[in-house]
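Undergrad: So here's query.cif, just mmCIF, C-alpha atoms and all ligand atoms:
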```cif
data_entry
#
loop_
_atom_site.label_atom_id
_atom_site.label_comp_id
_atom_site.auth_asym_id
_atom_site.auth_seq_id
_atom_site.Cartn_x
_atom_site.Cartn_y
_atom_site.Cartn_z
CA MET A 249 7.06 -37.92 0.57
CA PRO A 250 4.80 -35.63 2.62
CA SER A 251 1.08 -36.37 2.65
CA SER A 252 -1.58 -34.13 1.13
CA ASP A 253 -4.47 -35.97 2.80
CA ILE A 254 -6.75 -33.17 4.00
CA ASN A 255 -8.83 -35.42 6.29
CA ALA A 256 -5.73 -36.69 8.07
CA PHE A 257 -4.59 -33.06 8.39
CA HIS A 258 -7.93 -32.10 9.97
CA ASP A 259 -7.47 -34.92 12.52
CA LEU A 260 -3.98 -33.60 13.26
CA LEU A 261 -5.34 -30.04 13.75
CA ARG A 262 -7.90 -31.32 16.24
CA SER A 263 -5.31 -33.23 18.24
CA SER A 264 -2.66 -30.46 18.28
CA LYS A 265 -2.29 -28.40 21.45
CA ASN A 266 0.11 -25.62 20.50
CA ILE A 267 0.11 -24.60 16.87
CA ILE A 268 2.43 -22.08 15.25
CA ALA A 269 2.40 -20.75 11.71
CA VAL A 270 5.51 -19.23 10.10
CA ALA A 271 4.41 -17.09 7.19
CA GLY A 272 6.25 -15.29 4.40
CA ALA A 273 5.71 -13.13 1.36
CA GLY A 274 3.58 -15.74 -0.46
CA LEU A 275 0.84 -15.09 2.12
CA SER A 276 0.41 -11.56 0.76
CA ALA A 277 1.01 -12.37 -2.92
CA ALA A 278 -2.72 -12.56 -3.70
CA SER A 279 -3.11 -9.11 -2.13
CA GLY A 280 -0.81 -7.74 -4.84
CA ILE A 281 2.34 -7.47 -2.71
CA PRO A 282 5.37 -8.81 -4.64
CA THR A 283 7.49 -11.58 -3.11
CA PHE A 284 11.28 -11.30 -2.73
CA ARG A 285 12.63 -14.35 -4.50
CA GLY A 286 11.64 -16.37 -7.54
CA ALA A 287 9.85 -15.10 -10.66
CA GLY A 288 8.68 -11.50 -10.19
CA GLY A 289 10.52 -11.33 -6.83
CA MET A 290 11.81 -7.93 -5.69
CA TRP A 291 15.38 -9.20 -5.19
CA ARG A 292 15.47 -9.88 -8.95
CA LYS A 293 14.96 -6.18 -9.69
CA TYR A 294 16.54 -4.50 -6.66
CA ASN A 295 19.79 -5.14 -4.82
CA ALA A 296 18.97 -6.62 -1.40
CA MET A 297 22.31 -5.63 0.10
CA SER A 298 21.87 -1.96 -0.97
CA LEU A 299 18.25 -1.71 0.15
CA ALA A 300 17.81 -4.06 3.11
CA THR A 301 20.97 -3.68 5.22
CA PRO A 302 22.03 -1.05 7.78
CA GLU A 303 25.14 -0.49 5.63
CA GLY A 304 22.99 0.22 2.56
CA PHE A 305 20.97 2.76 4.55
CA SER A 306 24.11 4.53 5.87
CA LYS A 307 25.52 4.70 2.36
CA ASN A 308 22.40 5.94 0.61
CA PRO A 309 19.29 6.53 2.75
CA SER A 310 17.58 8.13 -0.22
CA LEU A 311 17.55 4.91 -2.29
CA VAL A 312 16.40 2.90 0.71
CA TRP A 313 13.59 5.32 1.56
CA GLN A 314 12.33 5.29 -2.03
CA PHE A 315 12.13 1.50 -1.92
CA TYR A 316 10.24 1.54 1.37
CA HIS A 317 7.98 4.42 0.33
CA TYR A 318 7.00 2.34 -2.72
CA ARG A 319 6.35 -0.68 -0.46
CA ARG A 320 4.31 1.45 2.01
CA GLU A 321 2.15 2.81 -0.79
CA ALA A 322 1.53 -0.72 -2.14
CA ALA A 323 0.63 -2.03 1.33
CA LEU A 324 -1.73 0.90 1.97
CA LYS A 325 -3.69 0.00 -1.18
CA ALA A 326 -3.77 -3.75 -0.45
CA GLN A 327 -6.46 -5.73 1.35
CA PRO A 328 -6.09 -8.98 3.33
CA ASN A 329 -6.79 -12.02 1.14
CA PRO A 330 -8.56 -15.30 2.08
CA ALA A 331 -5.30 -16.78 3.42
CA HIS A 332 -4.84 -13.87 5.89
CA ILE A 333 -8.47 -14.24 6.91
CA ALA A 334 -8.18 -18.03 7.34
CA LEU A 335 -5.19 -17.57 9.65
CA SER A 336 -6.69 -14.76 11.70
CA SER A 337 -10.08 -16.44 12.11
CA PHE A 338 -8.58 -19.83 12.85
CA SER A 339 -9.36 -19.53 16.56
CA LEU A 340 -12.79 -17.92 16.31
CA PRO A 341 -15.59 -19.88 18.05
CA SER A 342 -17.34 -20.47 14.70
CA ILE A 343 -14.51 -22.65 13.43
CA ARG A 344 -13.08 -23.56 16.81
CA HIS A 345 -14.39 -27.10 16.32
CA GLN A 346 -11.40 -27.64 14.01
CA ILE A 347 -8.99 -27.42 16.93
CA ALA A 348 -8.96 -28.50 20.57
CA PRO A 349 -10.65 -25.89 22.84
CA GLU A 350 -7.60 -25.37 25.05
CA SER A 351 -5.13 -25.17 22.17
CA THR A 352 -3.07 -22.09 21.33
CA PHE A 353 -2.22 -20.62 17.97
CA THR A 354 0.56 -18.14 17.20
CA LEU A 355 1.17 -16.57 13.81
CA ILE A 356 4.80 -15.59 13.27
CA THR A 357 4.88 -13.52 10.12
CA GLN A 358 7.98 -12.33 8.31
CA ASN A 359 5.80 -9.88 6.41
CA VAL A 360 5.98 -6.19 7.27
CA ASP A 361 2.87 -5.13 5.35
CA GLY A 362 0.41 -5.20 8.27
CA LEU A 363 -2.09 -7.27 6.28
CA SER A 364 -2.62 -9.98 8.91
CA PRO A 365 -5.63 -8.66 10.82
CA PRO A 366 -5.15 -8.59 14.59
CA ALA A 367 -7.64 -10.92 16.31
CA ALA A 368 -10.05 -9.40 18.81
CA ASP A 369 -9.32 -11.91 21.58
CA GLU A 370 -5.55 -12.03 20.92
CA GLN A 371 -5.89 -15.51 19.41
CA PRO A 372 -4.05 -16.03 17.24
CA ARG A 373 -1.19 -14.20 18.79
CA LEU A 374 0.55 -12.24 16.03
CA ILE A 375 4.32 -11.74 16.02
CA GLU A 376 5.80 -9.59 13.26
CA ILE A 377 9.34 -10.92 13.42
CA HIS A 378 10.72 -8.55 10.72
CA GLY A 379 9.01 -5.44 12.06
CA ARG A 380 6.45 -3.21 10.36
CA LEU A 381 6.57 -0.94 7.32
CA PHE A 382 4.54 1.69 9.16
CA ASP A 383 6.82 1.96 12.17
CA VAL A 384 9.21 4.85 11.67
CA LEU A 385 12.31 4.87 13.87
CA CYS A 386 14.60 7.74 14.83
CA THR A 387 18.24 6.99 13.91
CA SER A 388 19.62 9.12 16.74
CA ARG A 389 20.80 6.93 19.64
CA ASP A 390 19.93 9.74 22.06
CA CYS A 391 16.29 9.73 20.96
CA ASP A 392 15.17 6.30 19.71
CA HIS A 393 11.65 7.65 19.11
CA VAL A 394 9.27 5.20 17.34
CA GLU A 395 6.16 6.41 15.57
CA PHE A 396 3.39 4.44 13.88
CA ASN A 397 2.86 6.44 10.70
CA THR A 398 0.56 5.54 7.80
CA SER A 399 0.74 8.92 6.03
CA SER A 400 0.63 8.79 2.25
CA PRO A 401 3.10 10.02 1.19
CA ILE A 402 5.22 9.81 4.30
CA CYS A 403 6.89 13.10 3.24
CA GLU A 404 6.72 15.48 0.29
CA GLY A 405 10.27 14.61 -0.84
CA LEU A 406 9.17 11.06 -1.69
CA ALA A 407 5.78 11.92 -3.21
CA GLY A 408 5.38 10.33 -6.64
CA THR A 409 8.69 8.43 -6.53
CA GLU A 410 6.78 5.14 -6.16
CA ALA A 411 5.98 5.18 -9.89
CA HIS A 412 9.70 5.36 -10.77
CA VAL A 413 10.62 2.67 -8.25
CA ALA A 414 7.96 0.37 -9.73
CA ALA A 415 9.79 0.76 -13.05
CA GLY A 416 13.07 -0.18 -11.33
CA ASP A 417 14.34 3.42 -11.50
CA LEU A 418 15.51 4.82 -8.14
CA ASP A 419 16.58 8.48 -8.00
CA PRO A 420 19.99 8.87 -6.29
CA GLU A 421 19.57 12.67 -6.07
CA ILE A 422 16.88 13.14 -3.40
CA PRO A 423 18.64 15.14 -0.66
CA ILE A 424 18.74 13.64 2.81
CA THR A 425 16.95 16.74 4.18
CA SER A 426 13.88 15.78 2.08
CA LEU A 427 13.62 12.30 3.65
CA PRO A 428 11.40 11.40 6.63
CA ARG A 429 12.55 12.99 9.89
CA CYS A 430 11.92 12.06 13.52
CA ALA A 431 8.82 13.87 14.81
CA LYS A 432 10.50 14.39 18.16
CA CYS A 433 14.08 15.48 17.47
CA GLY A 434 14.24 16.10 13.71
CA SER A 435 16.98 13.51 13.01
CA LEU A 436 16.84 11.25 9.97
CA ALA A 437 14.23 8.50 10.43
CA ARG A 438 14.35 4.93 9.07
CA PRO A 439 11.77 2.25 8.30
CA GLY A 440 10.99 0.01 11.29
CA VAL A 441 11.84 -3.23 9.53
CA VAL A 442 14.53 -5.82 10.24
CA TRP A 443 17.32 -5.74 7.72
CA PHE A 444 19.94 -8.43 7.03
CA GLY A 445 22.37 -8.59 9.91
CA GLU A 446 19.87 -7.05 12.36
CA MET A 447 18.22 -8.86 15.22
CA PRO A 448 14.68 -10.04 14.44
CA HIS A 449 11.96 -9.08 16.94
CA LYS A 450 10.67 -11.02 19.95
CA LEU A 451 13.08 -13.93 19.55
CA ASP A 452 12.86 -14.95 23.23
CA GLU A 453 9.06 -15.00 23.08
CA ILE A 454 9.15 -17.01 19.84
CA ASP A 455 11.67 -19.49 21.26
CA GLU A 456 9.39 -20.09 24.24
CA ILE A 457 6.34 -20.61 22.03
CA ALA A 458 8.18 -22.78 19.47
CA ALA A 459 9.55 -24.97 22.28
CA LYS A 460 5.97 -25.94 23.19
CA ALA A 461 4.60 -26.24 19.64
CA ASP A 462 3.43 -29.62 18.38
CA LEU A 463 2.38 -28.42 14.91
CA CYS A 464 4.07 -25.88 12.64
CA LEU A 465 2.36 -24.52 9.53
CA VAL A 466 4.84 -23.06 7.03
CA VAL A 467 2.97 -20.67 4.75
CA GLY A 468 4.22 -18.93 1.59
CA THR A 469 7.87 -18.68 2.54
CA SER A 470 10.97 -19.80 0.66
CA SER A 471 12.43 -20.73 4.09
CA THR A 472 15.69 -18.96 3.33
CA ALA A 473 15.92 -16.17 5.93
CA ARG A 474 17.14 -17.18 9.34
CA PRO A 475 15.93 -17.58 12.01
CA SER A 476 12.40 -18.16 10.60
CA THR A 477 13.69 -21.08 8.59
CA CYS A 478 14.63 -22.97 11.80
CA TYR A 479 11.31 -23.24 13.65
CA ALA A 480 9.73 -26.06 11.60
CA ALA A 481 12.74 -28.34 12.05
CA GLU A 482 12.79 -27.54 15.76
CA VAL A 483 9.16 -28.60 16.15
CA GLN A 484 9.76 -31.78 14.17
CA ASP A 485 12.91 -32.65 16.14
CA ARG A 486 10.76 -32.71 19.30
CA GLY A 487 8.25 -35.08 17.68
CA GLY A 488 5.85 -32.43 16.36
CA LYS A 489 4.46 -32.19 12.83
CA VAL A 490 5.03 -29.76 9.96
CA ALA A 491 2.61 -28.79 7.20
CA VAL A 492 3.84 -26.67 4.29
CA PHE A 493 1.53 -24.48 2.19
CA ASN A 494 3.35 -23.12 -0.86
CA LEU A 495 2.70 -22.39 -4.51
CA ASP A 496 5.77 -24.43 -5.42
CA ARG A 497 8.30 -26.80 -3.95
CA SER A 498 10.40 -24.98 -1.33
CA LYS A 499 13.47 -25.57 0.81
CA GLY A 500 13.04 -28.41 3.29
CA ASP A 501 9.49 -29.30 2.22
CA ARG A 502 10.40 -32.90 1.45
CA ASP A 503 10.87 -33.38 5.20
CA ALA A 504 7.40 -31.99 5.95
CA ASP A 505 4.64 -34.30 7.17
CA TYR A 506 2.05 -32.53 5.01
CA LEU A 507 2.50 -30.55 1.82
CA PHE A 508 -0.33 -28.56 0.22
CA LEU A 509 0.90 -27.20 -3.08
CA GLY A 510 -1.02 -24.33 -4.68
CA PRO A 511 -1.93 -20.74 -3.87
CA CYS A 512 -2.31 -20.48 -0.08
CA GLU A 513 -5.31 -18.18 -0.56
CA GLU A 514 -7.04 -21.37 -1.80
CA THR A 515 -5.34 -24.16 0.16
CA LEU A 516 -5.37 -22.51 3.61
CA PRO A 517 -9.10 -21.71 3.83
CA ARG A 518 -9.78 -25.37 2.85
CA ALA A 519 -7.31 -26.71 5.38
CA LEU A 520 -8.25 -24.43 8.29
CA GLY A 521 -11.85 -23.48 7.59
C1 LIG B 1 3.27 -18.58 -2.50
C2 LIG B 1 2.35 -17.81 -3.18
C3 LIG B 1 1.01 -18.09 -2.95
C4 LIG B 1 4.32 -17.14 -3.76
N1 LIG B 1 0.67 -19.06 -2.09
N2 LIG B 1 2.90 -19.54 -1.66
C5 LIG B 1 25.13 -12.67 5.10
C6 LIG B 1 25.00 -11.30 5.37
C7 LIG B 1 24.06 -10.84 6.31
C8 LIG B 1 23.24 -11.74 6.99
C9 LIG B 1 23.38 -13.10 6.71
C10 LIG B 1 24.32 -13.54 5.79
N3 LIG B 1 24.20 -14.90 5.71
C11 LIG B 1 23.22 -15.32 6.54
C12 LIG B 1 22.71 -14.24 7.18
C13 LIG B 1 21.59 -14.26 8.15
C14 LIG B 1 20.39 -13.68 7.44
C15 LIG B 1 19.84 -14.69 6.46
O1 LIG B 1 19.07 -15.55 6.80
N4 LIG B 1 20.27 -14.62 5.21
C16 LIG B 1 19.90 -15.60 4.21
C17 LIG B 1 18.72 -15.10 3.38
C18 LIG B 1 21.12 -15.83 3.35
N5 LIG B 1 19.40 -13.37 8.44
C19 LIG B 1 19.44 -12.23 9.09
O2 LIG B 1 20.29 -11.38 8.91
C20 LIG B 1 18.36 -12.04 10.13
N6 LIG B 1 18.94 -11.67 11.34
C21 LIG B 1 19.77 -12.47 12.03
O3 LIG B 1 20.12 -13.55 11.59
O4 LIG B 1 20.16 -11.97 13.24
C22 LIG B 1 21.09 -12.70 14.00
C23 LIG B 1 20.49 -13.70 14.93
C24 LIG B 1 19.23 -14.25 14.74
C25 LIG B 1 18.75 -15.21 15.60
C26 LIG B 1 19.50 -15.61 16.66
C27 LIG B 1 20.75 -15.06 16.86
C28 LIG B 1 21.25 -14.11 15.98
C29 LIG B 1 17.41 -10.94 9.68
C30 LIG B 1 16.72 -11.31 8.42
C31 LIG B 1 16.02 -10.09 7.89
C32 LIG B 1 15.37 -10.40 6.54
N7 LIG B 1 15.01 -9.19 5.98
C33 LIG B 1 14.09 -9.20 4.82
C34 LIG B 1 13.69 -7.76 4.58
C35 LIG B 1 12.77 -7.33 5.74
C36 LIG B 1 12.15 -6.02 5.55
C37 LIG B 1 11.39 -5.90 4.27
O5 LIG B 1 10.36 -6.56 4.09
O6 LIG B 1 11.86 -5.14 3.45
O7 LIG B 1 12.94 -9.99 5.12
S1 LIG B 1 14.76 -10.00 3.37
C38 LIG B 1 13.27 -10.81 2.92
O8 LIG B 1 13.43 -12.25 3.14
C39 LIG B 1 12.22 -10.35 3.92
C40 LIG B 1 11.43 -11.59 4.13
O9 LIG B 1 10.71 -11.48 5.33
C41 LIG B 1 12.50 -12.66 4.14
C42 LIG B 1 11.97 -14.02 3.83
O10 LIG B 1 11.42 -14.09 2.56
P1 LIG B 1 10.05 -14.88 2.32
O11 LIG B 1 8.99 -14.24 3.11
O12 LIG B 1 10.28 -16.31 2.52
O13 LIG B 1 9.74 -14.51 0.80
P2 LIG B 1 10.33 -15.19 -0.54
O14 LIG B 1 10.08 -14.25 -1.64
O15 LIG B 1 11.72 -15.64 -0.35
O16 LIG B 1 9.46 -16.49 -0.75
C43 LIG B 1 8.10 -16.42 -1.08
C44 LIG B 1 7.53 -17.83 -1.13
O17 LIG B 1 6.14 -17.75 -1.33
C45 LIG B 1 8.10 -18.70 -2.27
O18 LIG B 1 8.47 -19.96 -1.75
C46 LIG B 1 6.91 -18.84 -3.24
O19 LIG B 1 6.89 -20.11 -3.90
C47 LIG B 1 5.76 -18.70 -2.31
N8 LIG B 1 4.52 -18.17 -2.90
N9 LIG B 1 3.04 -16.96 -4.03
C48 LIG B 1 1.64 -19.78 -1.49
N10 LIG B 1 0.02 -17.40 -3.61
ZN ZN B 2 14.47 11.45 17.30
#
```
Step by step, read the file and then write its structure as structure tokens.
TA:
Amino acid sequence: MPSSDINAFHDLLRSSKNIIAVAGAGLSAASGIPTFRGAGGMWRKYNAMSLATPEGFSKNPSLVWQFYHYRREAALKAQPNPAHIALSSFSLPSIRHQIAPESTFTLITQNVDGLSPPAADEQPRLIEIHGRLFDVLCTSRDCDHVEFNTSSPICEGLAGTEAHVAAGDLDPEIPITSLPRCAKCGSLARPGVVWFGEMPHKLDEIDEIAAKADLCLVVGTSSTARPSTCYAAEVQDRGGKVAVFNLDRSKGDRDADYLFLGPCEETLPRALG
């Protein structure tokens, strides 16, 4: 069984040289952003294959845009919670005594909500492996324009639909011409997130970082979506350690070296602060 000895974990933090954290939807749960799986998860109410695949978007971009408009509006209203803050301030000089001075820390988040605050000195390094809700991509191959757009609503055609989506009621009738368009060429735009079957971002960079990591924190993720699910085992296979922070038991956690069960907005500040 994994240990939950916080003092031993603090010793491990201090002796680790290259730390990575792989985070998931549970990190943002206390900020009011719903998770995907489990009780209250979005994939219980909405069909993942219709809303989070390129095929779903080709078939009905209107349904997909309503889902992402609803998610954008929720993220715009949300604030980082103590778990986000604990991760982003992990390398600040004030708490730097917790870790070795020359150590590195990289946060690989599967979340697209933008709630992990960027650190001033680029430590921790933040990698948003599944993209960002507020990136808007042109679907025309000839253009490929990307725009960072936090407008609320993103377009008039979607205004107010978030209330219906929250009730599980997506409107199949919104015409494609009323959906977000590319600011450069006018083609249909799409959310800048990574759907099932698409290539996650910065995989080469992550592989390089994970290959050097000697400690992997697994925070608020069900560890179901590849490739994020692989990094902890990779670190452990090379002799590194794994610490899981989750509300509940999750896939692979019995192999972890440390397991801190409970809301990560409580367990992480205690473990890292
Ligand atoms: C708390 C808490 C609290 C709650 N405190 N904890 C069949 C068809 C198509 C693809 C595949 C297929 N079979 C396999 C695949 C591959 C697929 C995959 O892994 N599928 C499995 C899920 C079956 N992966 C992909 O397609 C990926 N791409 C890929 O593989 O490319 C090829 C390639 C890769 C690498 C090398 C070579 C080739 C892309 C995956 C994209 C995932 N997309 C989504 C949507 C993104 C955009 C959006 O946000 O809308 O990403 S799906 C969804 O799952 C989202 C999440 O990022 C991801 C992971 O979920 P997460 O974050 O773990 O959330 P939950 O809800 O599952 O878990 C929350 C956890 O928090 C729970 O454990 C709670 O207990 C806990 N919790 N409150 C602490 N307060
Ligand atoms: Zn364009």
Undergrad: Considering only C-alpha atoms and all ligand atoms, give me a table of residues in chain A that are at most 10 Å from ligand ZN 2 (chain B), with the closest atom pair and distance in Å for each, as JSON lines.
TA:
```
{"residue": "A:Leu385", "atom": "CA", "partner": "B:ZN2", "partner_atom": "ZN", "distance": 7.7}
{"residue": "A:Cys386", "atom": "CA", "partner": "B:ZN2", "partner_atom": "ZN", "distance": 4.5}
{"residue": "A:Thr387", "atom": "CA", "partner": "B:ZN2", "partner_atom": "ZN", "distance": 6.8}
{"residue": "A:Ser388", "atom": "CA", "partner": "B:ZN2", "partner_atom": "ZN", "distance": 5.7}
{"residue": "A:Arg389", "atom": "CA", "partner": "B:ZN2", "partner_atom": "ZN", "distance": 8.1}
{"residue": "A:Asp390", "atom": "CA", "partner": "B:ZN2", "partner_atom": "ZN", "distance": 7.4}
{"residue": "A:Cys391", "atom": "CA", "partner": "B:ZN2", "partner_atom": "ZN", "distance": 4.4}
{"residue": "A:Asp392", "atom": "CA", "partner": "B:ZN2", "partner_atom": "ZN", "distance": 5.7}
{"residue": "A:His393", "atom": "CA", "partner": "B:ZN2", "partner_atom": "ZN", "distance": 5.1}
{"residue": "A:Val394", "atom": "CA", "partner": "B:ZN2", "partner_atom": "ZN", "distance": 8.1}
{"residue": "A:Glu395", "atom": "CA", "partner": "B:ZN2", "partner_atom": "ZN", "distance": 9.9}
{"residue": "A:Arg429", "atom": "CA", "partner": "B:ZN2", "partner_atom": "ZN", "distance": 7.8}
{"residue": "A:Cys430", "atom": "CA", "partner": "B:ZN2", "partner_atom": "ZN", "distance": 4.6}
{"residue": "A:Ala431", "atom": "CA", "partner": "B:ZN2", "partner_atom": "ZN", "distance": 6.6}
{"residue": "A:Lys432", "atom": "CA", "partner": "B:ZN2", "partner_atom": "ZN", "distance": 5.0}
{"residue": "A:Cys433", "atom": "CA", "partner": "B:ZN2", "partner_atom": "ZN", "distance": 4.1}
{"residue": "A:Gly434", "atom": "CA", "partner": "B:ZN2", "partner_atom": "ZN", "distance": 5.9}
{"residue": "A:Ser435", "atom": "CA", "partner": "B:ZN2", "partner_atom": "ZN", "distance": 5.4}
{"residue": "A:Leu436", "atom": "CA", "partner": "B:ZN2", "partner_atom": "ZN", "distance": 7.7}
{"residue": "A:Ala437", "atom": "CA", "partner": "B:ZN2", "partner_atom": "ZN", "distance": 7.5}
```
Undergrad: Report the closest atom pair, with its distance in Å rounded to one decimal, for each residue of region 410-443 of chain A that has an atom no farther than 12 Å from region 288-303 of chain A; count all atoms listed in the file, sort by chain and then rising residue number, and write it as a tab-separated table.
TA:
```
residue	atom	partner	partner_atom	distance
A:Val413	CA	A:Tyr294	CA	9.4
A:Ala414	CA	A:Lys293	CA	9.6
A:Ala415	CA	A:Lys293	CA	9.3
A:Gly416	CA	A:Lys293	CA	6.5
A:Asp417	CA	A:Tyr294	CA	9.5
A:Leu418	CA	A:Tyr294	CA	9.5
A:Arg438	CA	A:Pro302	CA	9.8
A:Pro439	CA	A:Ala300	CA	10.2
A:Gly440	CA	A:Ala300	CA	11.4
A:Val441	CA	A:Ala300	CA	8.8
A:Val442	CA	A:Ala300	CA	8.0
A:Trp443	CA	A:Thr301	CA	4.9
```
Undergrad: Using all atoms listed in the file, find each residue of chain A with at least one atom at most 7 Å away from an atom of ligand LIG 1 (chain B); report its shortest atom-to-atom pair and that distance in Å (one decimal), sort the rows by chain and rising residue number, and return the result as a tab-separated table.
TA:
```
residue	atom	partner	partner_atom	distance
A:Ala271	CA	B:LIG1	O11	6.8
A:Gly272	CA	B:LIG1	O11	3.2
A:Ala273	CA	B:LIG1	O11	3.9
A:Gly274	CA	B:LIG1	O17	3.4
A:Leu275	CA	B:LIG1	N1	5.8
A:Ala277	CA	B:LIG1	N9	5.1
A:Ala278	CA	B:LIG1	N10	5.6
A:Thr283	CA	B:LIG1	O14	4.0
A:Phe284	CA	B:LIG1	O14	3.4
A:Arg285	CA	B:LIG1	O14	3.8
A:Gly286	CA	B:LIG1	O14	6.5
A:Gly289	CA	B:LIG1	O14	6.0
A:Ala300	CA	B:LIG1	C34	5.7
A:Gln358	CA	B:LIG1	O9	4.1
A:Asn359	CA	B:LIG1	O9	5.3
A:Val360	CA	B:LIG1	O5	5.4
A:His378	CA	B:LIG1	C35	5.5
A:Val441	CA	B:LIG1	C36	4.9
A:Val442	CA	B:LIG1	C35	5.1
A:Trp443	CA	B:LIG1	N7	4.5
A:Phe444	CA	B:LIG1	O2	3.5
A:Gly445	CA	B:LIG1	O2	3.6
A:Glu446	CA	B:LIG1	N6	4.8
A:Met447	CA	B:LIG1	O4	4.2
A:Pro448	CA	B:LIG1	N6	5.5
A:Val467	CA	B:LIG1	C48	6.4
A:Gly468	CA	B:LIG1	N2	3.6
A:Thr469	CA	B:LIG1	O12	3.4
A:Ser470	CA	B:LIG1	O18	3.5
A:Ser471	CA	B:LIG1	O12	5.2
A:Thr472	CA	B:LIG1	C17	4.9
A:Ala473	CA	B:LIG1	O1	3.3
A:Arg474	CA	B:LIG1	O1	3.6
A:Pro475	CA	B:LIG1	C25	5.1
A:Phe493	CA	B:LIG1	C48	6.0
A:Asn494	CA	B:LIG1	N2	3.7
A:Leu495	CA	B:LIG1	N2	4.0
A:Asp496	CA	B:LIG1	O19	4.7
A:Arg497	CA	B:LIG1	O19	6.8
A:Ser498	CA	B:LIG1	O18	5.4
A:Gly510	CA	B:LIG1	N1	6.1
A:Pro511	CA	B:LIG1	N1	3.6
A:Cys512	CA	B:LIG1	N1	3.9
A:Glu513	CA	B:LIG1	N10	6.2
```
Undergrad: Distance CA of Gly500 (chain A)-CA of Asp462 (chain A), one decimal place?
TA: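 Those two atoms sit 17.9 Å apart.
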Undergrad: Please identify all polymer residues within 8 Å of Ile424 (chain A), counting only C-alpha atoms, omitting same-chain residues fewer than 2 positions from it, and present them as a VMD selection string.
TA: chain A and resid 309 to 310 422 426 to 427 436
Undergrad: Near Leu520 (chain A), counting only C-alpha atoms, which residues have an atom at most 9 Å away, once you skip same-chain residues fewer than 3 positions from it, shown as a PyMOL selection string?
TA: chain A and resi 258+261+334-335+338+343+346+515-517
Undergrad: By how many Å are CA of Arg373 (chain A) and CA of Asp501 (chain A) apart?
TA: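 Those two atoms sit 24.8 Å apart.
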Undergrad: For a test of reading the model, state the distance in Å between CA of His449 (chain A) and CA of Leu406 (chain A), rounded to one decimal.
TA: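 Atom-to-atom, CA of His449 (chain A) to CA of Leu406 (chain A), that is 27.6 Å.
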Undergrad: What's the 10 Å shell around Glu321 (chain A), counting only C-alpha atoms, without same-chain residues fewer than 4 positions away, as a PyMOL selection string?
TA: chain A and resi 316-317+325-326+381+398-402+410
Undergrad: For Lys460 (chain A), work out the shell of residues within 9 Å, counting all atoms listed in the file and skipping chain neighbours fewer than 5 positions away, then give it as a list in words.
TA: Lys265, Asn266, Ile267, Asp455 and Val483 of chain A
Undergrad: Using only C-alpha atoms, pick whichever of A:Glu350, A:Asp419, A:Asp361, A:Glu456 has the shortest atom-to-atom distance to Tyr479 (chain A).
TA: A:Glu456
Undergrad: What's around Val492 (chain A) at 7 Å? Count all atoms listed in the file, leave out sequence neighbours fewer than 4 positions away in its own chain, and write the answer as JSON, numbers by chain.
TA: {"A": [465, 466, 467, 501, 504, 506, 507, 508]}
Undergrad: Could you tell me which of A:Glu376, A:Glu421, A:Asp253, A:Glu514 comes closest to Ile454 (chain A) if we count all atoms listed in the file?
TA: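 Ranked by minimum distance to Ile454 (chain A), first place goes to A:Glu376.
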Undergrad: Identify which of the residues A:Leu324, A:Leu374, A:Ala256, A:Leu451 lies closest to Ala491 (chain A), counting only C-alpha atoms when measuring atom-to-atom distances.
TA: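 Closest to Ala491 (chain A), using only C-alpha atoms: A:Ala256.
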